[in-house]
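Text of the file model15.pdb, holding PDB, C-alpha atoms:
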MODEL        1
ATOM      1  CA  MET A   1      79.274  93.723 144.931
ATOM      2  CA  LEU A   2      78.143  91.291 147.593
ATOM      3  CA  GLY A   3      75.713  93.814 149.076
ATOM      4  CA  SER A   4      74.205  94.792 145.740
ATOM      5  CA  SER A   5      73.813  91.126 144.786
ATOM      6  CA  PHE A   6      72.075  90.461 148.106
ATOM      7  CA  VAL A   7      69.648  93.346 147.505
ATOM      8  CA  LEU A   8      69.000  92.158 143.942
ATOM      9  CA  VAL A   9      68.218  88.622 145.140
ATOM     10  CA  LEU A  10      65.874  90.076 147.774
ATOM     11  CA  GLY A  11      64.184  92.176 145.092
ATOM     12  CA  PHE A  12      63.610  89.176 142.836
ATOM     13  CA  GLY A  13      62.213  87.259 145.814
ATOM     14  CA  ALA A  14      59.896  90.085 146.868
ATOM     15  CA  HIS A  15      58.521  90.451 143.338
ATOM     16  CA  GLU A  16      58.048  86.689 143.115
ATOM     17  CA  ALA A  17      56.178  86.757 146.451
ATOM     18  CA  SER A  18      53.903  89.554 145.293
ATOM     19  CA  LEU A  19      52.882  87.459 142.293
ATOM     20  CA  LEU A  20      52.142  84.479 144.546
ATOM     21  CA  CYS A  21      49.701  86.423 146.748
ATOM     22  CA  ALA A  22      45.963  86.309 146.096
ATOM     23  CA  ARG A  23      45.606  89.900 147.319
ATOM     24  CA  PRO A  24      47.468  92.937 145.968
ATOM     25  CA  LEU A  25      50.005  94.778 148.107
ATOM     26  CA  LEU A  26      48.247  98.093 147.658
ATOM     27  CA  CYS A  27      44.627  98.251 148.760
ATOM     28  CA  PRO A  28      42.243 101.215 149.191
ATOM     29  CA  ASN A  29      43.349 101.669 152.815
ATOM     30  CA  GLY A  30      47.061 101.652 151.979
ATOM     31  CA  MET A  31      49.418  98.696 152.108
ATOM     32  CA  ASP A  32      48.210  95.282 153.156
ATOM     33  CA  PRO A  33      50.493  94.402 156.121
ATOM     34  CA  ASP A  34      50.092  90.640 155.619
ATOM     35  CA  VAL A  35      51.168  90.852 151.986
ATOM     36  CA  LEU A  36      54.110  93.087 152.879
ATOM     37  CA  ARG A  37      55.178  90.741 155.694
ATOM     38  CA  PHE A  38      54.908  87.721 153.385
ATOM     39  CA  MET A  39      56.892  89.450 150.634
ATOM     40  CA  CYS A  40      59.723  90.358 153.007
ATOM     41  CA  TRP A  41      59.860  86.970 154.719
ATOM     42  CA  TYR A  42      59.592  84.986 151.469
ATOM     43  CA  ALA A  43      62.394  87.057 149.928
ATOM     44  CA  TYR A  44      64.582  86.592 153.017
ATOM     45  CA  GLU A  45      63.931  82.846 153.280
ATOM     46  CA  ASN A  46      64.950  82.310 149.658
ATOM     47  CA  VAL A  47      68.244  84.224 149.662
ATOM     48  CA  PHE A  48      70.672  81.465 150.628
ATOM     49  CA  ILE A  49      68.824  78.578 149.022
ATOM     50  CA  SER A  50      68.985  80.530 145.758
ATOM     51  CA  CYS A  51      72.726  79.799 145.638
ATOM     52  CA  ILE A  52      71.864  76.187 144.791
ATOM     53  CA  TRP A  53      68.899  76.991 142.517
ATOM     54  CA  GLY A  54      66.361  76.135 145.198
ATOM     55  CA  THR A  55      63.118  77.728 146.349
ATOM     56  CA  LYS A  56      61.328  77.317 149.647
ATOM     57  CA  PRO A  57      57.611  76.626 149.145
ATOM     58  CA  ALA A  58      55.400  79.687 149.403
ATOM     59  CA  ALA A  59      52.772  77.724 151.354
ATOM     60  CA  LEU A  60      55.390  76.823 153.965
ATOM     61  CA  VAL A  61      56.468  80.449 154.359
ATOM     62  CA  ALA A  62      52.822  81.602 154.589
ATOM     63  CA  SER A  63      52.102  78.921 157.171
ATOM     64  CA  SER A  64      55.092  79.983 159.279
ATOM     65  CA  LEU A  65      53.612  83.496 159.337
ATOM     66  CA  GLN A  66      50.225  82.060 160.416
ATOM     67  CA  LEU A  67      48.472  83.365 157.308
ATOM     68  CA  GLU A  68      45.199  81.877 156.096
ATOM     69  CA  PRO A  69      45.393  79.058 153.504
ATOM     70  CA  ASP A  70      43.538  81.192 150.936
ATOM     71  CA  PHE A  71      46.237  83.863 151.222
ATOM     72  CA  LEU A  72      48.161  82.430 148.264
ATOM     73  CA  ARG A  73      46.937  82.563 144.702
ATOM     74  CA  VAL A  74      45.491  79.381 143.201
ATOM     75  CA  PHE A  75      46.489  79.130 139.562
ATOM     76  CA  SER A  76      44.227  77.833 136.826
ATOM     77  CA  ALA A  77      44.997  76.824 133.246
ATOM     78  CA  SER A  78      44.063  80.246 131.870
ATOM     79  CA  PRO A  79      46.491  82.191 129.667
ATOM     80  CA  ALA A  80      46.585  85.038 132.217
ATOM     81  CA  ASP A  81      47.611  82.670 135.021
ATOM     82  CA  ALA A  82      50.173  81.035 132.733
ATOM     83  CA  ALA A  83      51.716  84.459 132.089
ATOM     84  CA  VAL A  84      51.937  85.134 135.841
ATOM     85  CA  GLN A  85      53.545  81.748 136.453
ATOM     86  CA  LEU A  86      56.132  82.451 133.758
ATOM     87  CA  LYS A  87      56.976  85.721 135.531
ATOM     88  CA  ILE A  88      57.364  83.786 138.789
ATOM     89  CA  PHE A  89      59.730  81.303 137.124
ATOM     90  CA  GLY A  90      61.643  84.222 135.616
ATOM     91  CA  ASP A  91      62.073  85.810 139.050
ATOM     92  CA  ALA A  92      63.219  82.488 140.532
ATOM     93  CA  THR A  93      65.728  82.072 137.707
ATOM     94  CA  GLY A  94      67.062  85.603 138.142
ATOM     95  CA  ARG A  95      67.331  85.080 141.885
ATOM     96  CA  ALA A  96      69.254  81.831 141.443
ATOM     97  CA  MET A  97      71.578  83.198 138.759
ATOM     98  CA  VAL A  98      72.593  86.246 140.774
ATOM     99  CA  ALA A  99      73.027  84.284 144.017
ATOM    100  CA  GLY A 100      74.869  81.385 142.369
ATOM    101  CA  PHE A 101      77.298  83.508 140.405
ATOM    102  CA  THR A 102      77.916  85.735 143.422
ATOM    103  CA  LEU A 103      78.799  82.668 145.494
ATOM    104  CA  ILE A 104      81.174  81.408 142.801
ATOM    105  CA  THR A 105      82.748  84.862 142.492
ATOM    106  CA  GLN A 106      83.326  85.071 146.238
ATOM    107  CA  LEU A 107      84.929  81.611 146.332
ATOM    108  CA  VAL A 108      87.258  82.497 143.443
ATOM    109  CA  GLN A 109      88.126  85.746 145.197
ATOM    110  CA  VAL A 110      89.099  83.881 148.388
ATOM    111  CA  VAL A 111      91.327  81.486 146.431
ATOM    112  CA  ASN A 112      92.977  84.384 144.572
ATOM    113  CA  GLN A 113      93.627  86.350 147.754
ATOM    114  CA  THR A 114      95.092  83.280 149.470
ATOM    115  CA  ALA A 115      97.402  82.577 146.535
ATOM    116  CA  PHE A 116      98.459  86.229 146.396
ATOM    117  CA  ALA A 117      99.196  86.354 150.133
ATOM    118  CA  THR A 118     101.224  83.127 149.976
ATOM    119  CA  GLU A 119     103.292  84.379 147.036
ATOM    120  CA  GLU A 120     103.809  87.776 148.669
ATOM    121  CA  PHE A 121     104.995  86.116 151.895
ATOM    122  CA  ARG A 122     107.406  83.901 149.939
ATOM    123  CA  LYS A 123     108.889  86.951 148.174
ATOM    124  CA  ARG A 124     109.352  88.756 151.494
ATOM    125  CA  VAL A 125     111.051  85.749 153.068
ATOM    126  CA  LEU A 126     113.432  85.444 150.110
ATOM    127  CA  SER A 127     114.226  89.175 150.198
ATOM    128  CA  GLY A 128     114.925  89.019 153.939
ATOM    129  CA  THR A 129     112.208  91.429 155.042
ATOM    130  CA  GLU A 130     110.142  88.691 156.658
ATOM    131  CA  THR A 131     111.226  85.805 158.848
ATOM    132  CA  PRO A 132     110.085  82.342 157.835
ATOM    133  CA  ILE A 133     107.511  80.586 159.942
ATOM    134  CA  ASP A 134     109.147  77.751 161.831
ATOM    135  CA  VAL A 135     107.149  74.627 162.314
ATOM    136  CA  VAL A 136     107.354  73.865 166.003
ATOM    137  CA  HIS A 137     106.087  70.477 167.067
ATOM    138  CA  GLY A 138     106.534  71.045 170.767
ATOM    139  CA  ARG A 139     108.272  73.290 173.233
ATOM    140  CA  VAL A 140     109.926  72.649 176.510
ATOM    141  CA  ILE A 141     109.527  75.349 179.093
ATOM    142  CA  ARG A 142     111.857  75.159 182.056
ATOM    143  CA  VAL A 143     110.863  76.908 185.161
ATOM    144  CA  LEU A 144     113.610  77.674 187.604
ATOM    145  CA  SER A 145     112.723  78.395 191.117
ATOM    146  CA  LEU A 146     115.153  79.245 193.812
ATOM    147  CA  ILE A 147     114.135  78.497 197.325
ATOM    148  CA  HIS A 148     116.020  80.391 199.965
ATOM    149  CA  ILE A 149     115.876  79.118 203.479
TER
ENDMDL
END
How does this structure look as structure tokens?
Amino acid sequence: MLGSSFVLVLGFGAHEASLLCARPLLCPNGMDPDVLRFMCWYAYENVFISCIWGTKPAALVASSLQLEPDFLRVFSASPADAAVQLKIFGDATGRAMVAGFTLITQLVQVVNQTAFATEEFRKRVLSGTETPIDVVHGRVIRVLSLIHI
């Protein structure tokens, strides 16, 4: 589940990145390597911050990749741009929901496993199949040495 959630968060991030680019991924000569690199890096950079409903700025990610300032799309008040921005917000929301709930699920799983292991150990100690753990605050080790002359 953790792996599939990770891939899903990456997918949301990559789609979000593709909508933020001024140029399309596919061009007449094939794939645009800058767009592909930005999509992958933007998706990766936003995986862990998605757990807390955050997003790293696209301009910051583009700058770290040394891409030109006009690489990112500049949005206007047109209905078409508004529709694209709503898709971007939808991707960010999907990314955050999957990452956040996966984090919560993993934390609950750790607590459940710890409680189960503690209870199982207690049952084994009471049944005599396991020895209890003694709390030792300190040990004295005596070393005996015999010197023969």
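As for CA of Thr55 in chain A and CA of Ala83 in chain A, they are spaced 19.5 Å apart.
When all atoms listed in the file are used to compute distances to His15 in chain A, the closest of the residues A:Glu45, A:Asp34, A:Glu120, A:Asp91 turns out to be A:Asp91.
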| field | Output check: residues returned by the PyMOL selection byres ((chain A and resi 42) around 9), as a PyMOL selection string | value | chain A and resi 10+13-14+16-17+37-41+43-47+56-58+61-62
| request: Figure out the distance between CA of Val9 in chain A and CA of Val98 in chain A, please, to one decimal in Å. | output: 6.6 Å
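For the pair CA of Leu36 in chain A and CA of Gln66 in chain A, the interatomic distance is 13.9 Å.
What the PyMOL selection byres ((chain A and resi 75) around 12) grabs from this file is Leu19, Leu20, Cys21, Ala22, Asp70, Leu72, Arg73, Val74, Ser76, Ala77, Ser78, Pro79, Ala80, Asp81, Ala82, Ala83, Val84, Gln85, Leu86 and Ile88 of chain A.
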